[in-house]
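Visitor: Shown below is the structure under consideration.
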Amino acid sequence: MNSTLKVINKMVEDGVIRRYAVAGAVGALYYLEPVATSDVDILISIDELDPPASGFMVLKPVTDYLAKAGYTEYRDEGILVEGWPVQFLPVADDLDAEGLDQAIEIEMPDEAGPIEVNVLRPEHLVATALKVGRFKDEIRIRSFLDLKKVDFQALAGVYDRHHLWDKWARFCEKAGLTDPTILKLRT
Amino acid sequence: MSSRRAVYPDVSEILARKERGRRNLASLPFAEKIRILEAMRDRLELFRRLREGRVQEAERS
C-alpha cells in the first residue's frame with residue numbers, strides 16, 4: 001500500500017488535490033485491529049470550481065491525472081492504483097470538511113524514507129460511520145468503543161456541530177448500549 | 001423429553017484471551033497492520049477466485 005500512498009501524496013504535490021485523509025476501513029485500521037477490506041477510501045478536497053461540479057464530474061481532475069499516469073483500470077468502484085482500488089470521496093458536507101481539516105499526520109516506514117500520511121481522527125471516523133449507518137459501519141463504531149479509542153468529549157463536540165445526536169440515540173438503542181458515559185456524551 | 005440439563009464449559013478465559021489478542025492487534029504499528037491487511041486480502045482473493053471458478057463451472061454444466 002506504500003506505493004499507493006506515494007501516488008496520492010504526489011497528487012497533492014502536483015496540485016490535483018489540495019488535501020486528503022485516509023478514511024473508511026483503512027483509516028480505522030490505524031486505531032483498531034485489522035479487518036479485511038478490499039479498497040482504500042480517500043477523502044479529498046479539490047480546489048473550488050466555478051460553477052461547482054457535481055456527480056462524477058467532481059472527480060474528473062483526479063481521474064484525468066491518474067489516467068495520464070497510467071492508472072485507468074477500475075475495480076470494486078475504485079481506481080486501481082498500485083494494486084489497491086482507491087475510492088476518492090470529495091468533501092461533501094461540513095462533517096467531511098472538519099474531518100479533513102483536523103486529520104492527523106502519521107509516518108509510514110518505507111525503504112525510500114518515511115511516507116507522510118493523513119488519517120481521519122477516530123471521532124470523525126465514528127461520526128461518519130454513524131452518518132452512513134450500514135451494518136459494517138455500526139460494527140466499526142462498536143470496535144472504537146470497545147477498544148476505548150474515542151475521546152468522548154471530542155465526539156460530543158462533533159455530534160453537536162453536525163447534529164448527530166438523534167442518530168447516536170438510535171444507534172445506542174439498537175446496539176443495546178446503556179453505559180451512561182456513552183449515552184450522556186452531551187456536555 | 002429429557003429433563004437432563006446441559007452442562008457447558010466455562011469459556012470466559014478463552015474469550016478473555018481472544019479479547020487480549022484483539023487489543024494486541026489494535027496496538028500494533030500501522031505499517032504492521034497494513035501488512036496483515038494485505039495478507040488477508042491475498043487470502044480472500046484466493047477464495048474469490050475459487051468461488052468464481054465454481055460459479056463458472058456450475059454455469060457450464
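Chain identifiers are assigned as A, B, and so on, following the order in which chains appear in the C-alpha cells; residues are numbered from 1 within each chain, and ligands are numbered from 1 in order of appearance.
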Using only C-alpha atoms, determine which residues of chain A fall within 6 Å of chain B; present them as an NGL selection string.
Guide: :A and (30 or 32-34)
Visitor: Can you tell me which residues surround Ile141 in chain A at a distance of at most 12 Å, considering only C-alpha atoms, apart from same-chain residues fewer than 5 positions away, and format the answer as a count of residues only?
Guide: 32
Visitor: If you measure from CA of Val119 in chain A to CA of Leu59 in chain A, what distance in Å do you get, rounded to one decimal?
Guide: 20.4 Å
Visitor: Could you check how far CA of Ile44 in chain A sits from CA of Arg18 in chain A, in Å to one decimal?
Guide: 7.4 Å
Visitor: I need the residues in chain B that are helix (DSSP H, G or I) according to DSSP; give them as a PyMOL selection string.
Guide: chain B and resi 12-26+30-60
Visitor: Skipping near chain neighbours, those fewer than 5 positions away, what residues fall within 7 Å of range 92-103 of chain A using only C-alpha atoms, listed as a PyMOL selection string?
Guide: chain A and resi 20-21+118-121+124+162
Visitor: Those selected residues, please, written with all heavy atoms and delivered as a compact mmCIF listing (two decimals), in the first residue's frame.
Guide:
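selection00.txt written:
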```txt
# COMPACT_ATOMS: atom_id res chain seq x y z
N TYR A 20 -5.87 15.55 1.64
CA TYR A 20 -6.57 14.27 1.67
C TYR A 20 -6.46 13.66 3.06
O TYR A 20 -5.59 14.06 3.86
CB TYR A 20 -6.00 13.30 0.63
CG TYR A 20 -4.71 12.63 1.08
CD1 TYR A 20 -4.74 11.43 1.78
CD2 TYR A 20 -3.48 13.22 0.86
CE1 TYR A 20 -3.57 10.84 2.24
CE2 TYR A 20 -2.31 12.65 1.31
CZ TYR A 20 -2.35 11.45 2.00
OH TYR A 20 -1.20 10.88 2.46
N ALA A 21 -7.30 12.70 3.34
CA ALA A 21 -7.17 11.89 4.56
C ALA A 21 -7.67 10.50 4.27
O ALA A 21 -8.67 10.32 3.56
CB ALA A 21 -7.97 12.51 5.70
N ASN A 118 -2.01 11.27 5.90
CA ASN A 118 -3.05 11.89 6.73
C ASN A 118 -4.17 10.89 6.98
O ASN A 118 -4.65 10.25 6.04
CB ASN A 118 -3.63 13.12 6.03
CG ASN A 118 -2.56 14.15 5.74
OD1 ASN A 118 -1.72 14.44 6.58
ND2 ASN A 118 -2.57 14.68 4.54
N VAL A 119 -4.58 10.80 8.24
CA VAL A 119 -5.63 9.87 8.62
C VAL A 119 -6.69 10.64 9.42
O VAL A 119 -6.35 11.50 10.24
CB VAL A 119 -5.06 8.73 9.50
CG1 VAL A 119 -6.15 7.74 9.91
CG2 VAL A 119 -3.94 7.99 8.79
N LEU A 120 -7.95 10.33 9.19
CA LEU A 120 -9.02 10.97 9.97
C LEU A 120 -8.88 10.63 11.44
O LEU A 120 -8.42 9.54 11.80
CB LEU A 120 -10.40 10.50 9.49
CG LEU A 120 -10.93 11.01 8.15
CD1 LEU A 120 -12.36 10.51 7.94
CD2 LEU A 120 -10.90 12.53 8.05
N ARG A 121 -9.29 11.55 12.30
CA ARG A 121 -9.31 11.27 13.74
C ARG A 121 -10.41 10.25 14.05
O ARG A 121 -11.41 10.17 13.31
CB ARG A 121 -9.61 12.56 14.51
CG ARG A 121 -8.45 13.52 14.54
CD ARG A 121 -8.79 14.77 15.33
NE ARG A 121 -7.68 15.70 15.25
CZ ARG A 121 -6.58 15.63 16.01
NH1 ARG A 121 -6.49 14.70 16.94
NH2 ARG A 121 -5.60 16.48 15.85
N HIS A 124 -14.04 11.52 14.03
CA HIS A 124 -14.64 11.76 12.71
C HIS A 124 -14.94 10.44 11.99
O HIS A 124 -15.92 10.36 11.24
CB HIS A 124 -13.74 12.67 11.86
CG HIS A 124 -13.72 14.08 12.38
ND1 HIS A 124 -12.63 14.62 13.01
CD2 HIS A 124 -14.68 15.02 12.42
CE1 HIS A 124 -12.92 15.86 13.41
NE2 HIS A 124 -14.15 16.13 13.05
N HIS A 162 -22.58 18.73 14.18
CA HIS A 162 -23.11 18.14 12.95
C HIS A 162 -24.46 17.45 13.17
O HIS A 162 -24.87 16.62 12.34
CB HIS A 162 -22.06 17.20 12.34
CG HIS A 162 -20.77 17.92 12.09
ND1 HIS A 162 -20.62 18.84 11.09
CD2 HIS A 162 -19.60 17.91 12.79
CE1 HIS A 162 -19.39 19.35 11.15
NE2 HIS A 162 -18.77 18.81 12.17
```
Visitor: For range 69-75 of chain A, find every residue with an atom within 8 Å (counting only C-alpha atoms), except residues of its own chain fewer than 6 positions away, and show them as a list in words.
Guide: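 Result of the neighbour search: Thr63, Val81 and Pro85 of chain A.
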Visitor: Which value, in Å to one decimal, gives the distance between CA of Ile8 in chain A and CA of Leu80 in chain A?
Guide: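 Computing it gives 12.1 Å between the two atoms.
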Visitor: Pick out each residue of range 49-134 of chain A that DSSP on the backbone tags as strand (DSSP E); I need them as an NGL selection string.
Guide: :A and (74-75 or 78-81 or 84-90 or 104-108 or 115-119)
Visitor: Pick out the residues sitting within 9 Å of Val40 in chain A, and hand them over as a ChimeraX atom specification; count only C-alpha atoms, and ignore anything fewer than 5 positions along from it in its own chain.
Guide: /A:22-27,78,84-88
Visitor: For all heavy atoms, I'd like the residues from the last selection saved as a compact mmCIF listing (two decimals), in the first residue's frame.
Guide:
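Output (part-v2.txt):
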```txt
# COMPACT_ATOMS: atom_id res chain seq x y z
N VAL A 22 -6.95 9.53 4.81
CA VAL A 22 -7.40 8.14 4.67
C VAL A 22 -8.63 7.98 5.56
O VAL A 22 -8.60 8.34 6.75
CB VAL A 22 -6.29 7.15 5.07
CG1 VAL A 22 -6.76 5.71 4.84
CG2 VAL A 22 -5.01 7.42 4.30
N ALA A 23 -9.70 7.47 4.98
CA ALA A 23 -10.96 7.31 5.72
C ALA A 23 -11.35 5.82 5.69
O ALA A 23 -10.52 4.97 5.35
CB ALA A 23 -12.04 8.18 5.07
N GLY A 24 -12.58 5.52 6.04
CA GLY A 24 -13.10 4.15 5.93
C GLY A 24 -12.32 3.12 6.72
O GLY A 24 -11.69 3.44 7.74
N ALA A 25 -12.33 1.90 6.20
CA ALA A 25 -11.74 0.78 6.93
C ALA A 25 -10.23 0.93 7.13
O ALA A 25 -9.70 0.59 8.19
CB ALA A 25 -12.03 -0.53 6.20
N VAL A 26 -9.54 1.48 6.12
CA VAL A 26 -8.09 1.62 6.25
C VAL A 26 -7.75 2.75 7.24
O VAL A 26 -6.81 2.65 8.01
CB VAL A 26 -7.40 1.83 4.88
CG1 VAL A 26 -5.90 2.02 5.04
CG2 VAL A 26 -7.67 0.64 3.97
N GLY A 27 -8.57 3.80 7.25
CA GLY A 27 -8.39 4.86 8.24
C GLY A 27 -8.60 4.30 9.64
O GLY A 27 -7.81 4.55 10.56
N GLY A 78 -13.44 1.37 -7.50
CA GLY A 78 -12.28 2.21 -7.21
C GLY A 78 -11.30 2.18 -8.37
O GLY A 78 -11.31 1.25 -9.19
N TRP A 84 -4.11 -1.36 -5.36
CA TRP A 84 -5.25 -1.14 -4.45
C TRP A 84 -6.34 -0.32 -5.13
O TRP A 84 -6.05 0.76 -5.64
CB TRP A 84 -4.81 -0.40 -3.19
CG TRP A 84 -4.24 -1.32 -2.16
CD1 TRP A 84 -2.92 -1.63 -2.00
CD2 TRP A 84 -4.96 -2.02 -1.14
NE1 TRP A 84 -2.78 -2.51 -0.95
CE2 TRP A 84 -4.01 -2.76 -0.41
CE3 TRP A 84 -6.30 -2.12 -0.79
CZ2 TRP A 84 -4.37 -3.59 0.66
CZ3 TRP A 84 -6.66 -2.94 0.27
CH2 TRP A 84 -5.70 -3.66 0.99
N PRO A 85 -7.59 -0.80 -5.12
CA PRO A 85 -8.68 0.05 -5.62
C PRO A 85 -8.85 1.24 -4.66
O PRO A 85 -9.03 1.04 -3.46
CB PRO A 85 -9.90 -0.87 -5.58
CG PRO A 85 -9.39 -2.24 -5.38
CD PRO A 85 -8.09 -2.11 -4.66
N VAL A 86 -8.75 2.44 -5.21
CA VAL A 86 -8.88 3.63 -4.37
C VAL A 86 -10.18 4.34 -4.71
O VAL A 86 -10.45 4.63 -5.88
CB VAL A 86 -7.68 4.60 -4.59
CG1 VAL A 86 -7.84 5.85 -3.73
CG2 VAL A 86 -6.37 3.89 -4.29
N GLN A 87 -10.98 4.61 -3.70
CA GLN A 87 -12.22 5.38 -3.90
C GLN A 87 -11.96 6.80 -3.41
O GLN A 87 -11.74 7.01 -2.21
CB GLN A 87 -13.35 4.77 -3.09
CG GLN A 87 -13.76 3.42 -3.62
CD GLN A 87 -15.27 3.23 -3.58
OE1 GLN A 87 -16.03 4.17 -3.72
NE2 GLN A 87 -15.68 2.00 -3.40
N PHE A 88 -11.95 7.73 -4.33
CA PHE A 88 -11.76 9.13 -3.95
C PHE A 88 -13.13 9.72 -3.61
O PHE A 88 -14.05 9.67 -4.43
CB PHE A 88 -11.11 9.91 -5.10
CG PHE A 88 -9.68 9.51 -5.32
CD1 PHE A 88 -9.35 8.54 -6.26
CD2 PHE A 88 -8.65 10.09 -4.59
CE1 PHE A 88 -8.04 8.14 -6.46
CE2 PHE A 88 -7.33 9.71 -4.79
CZ PHE A 88 -7.02 8.74 -5.73
```
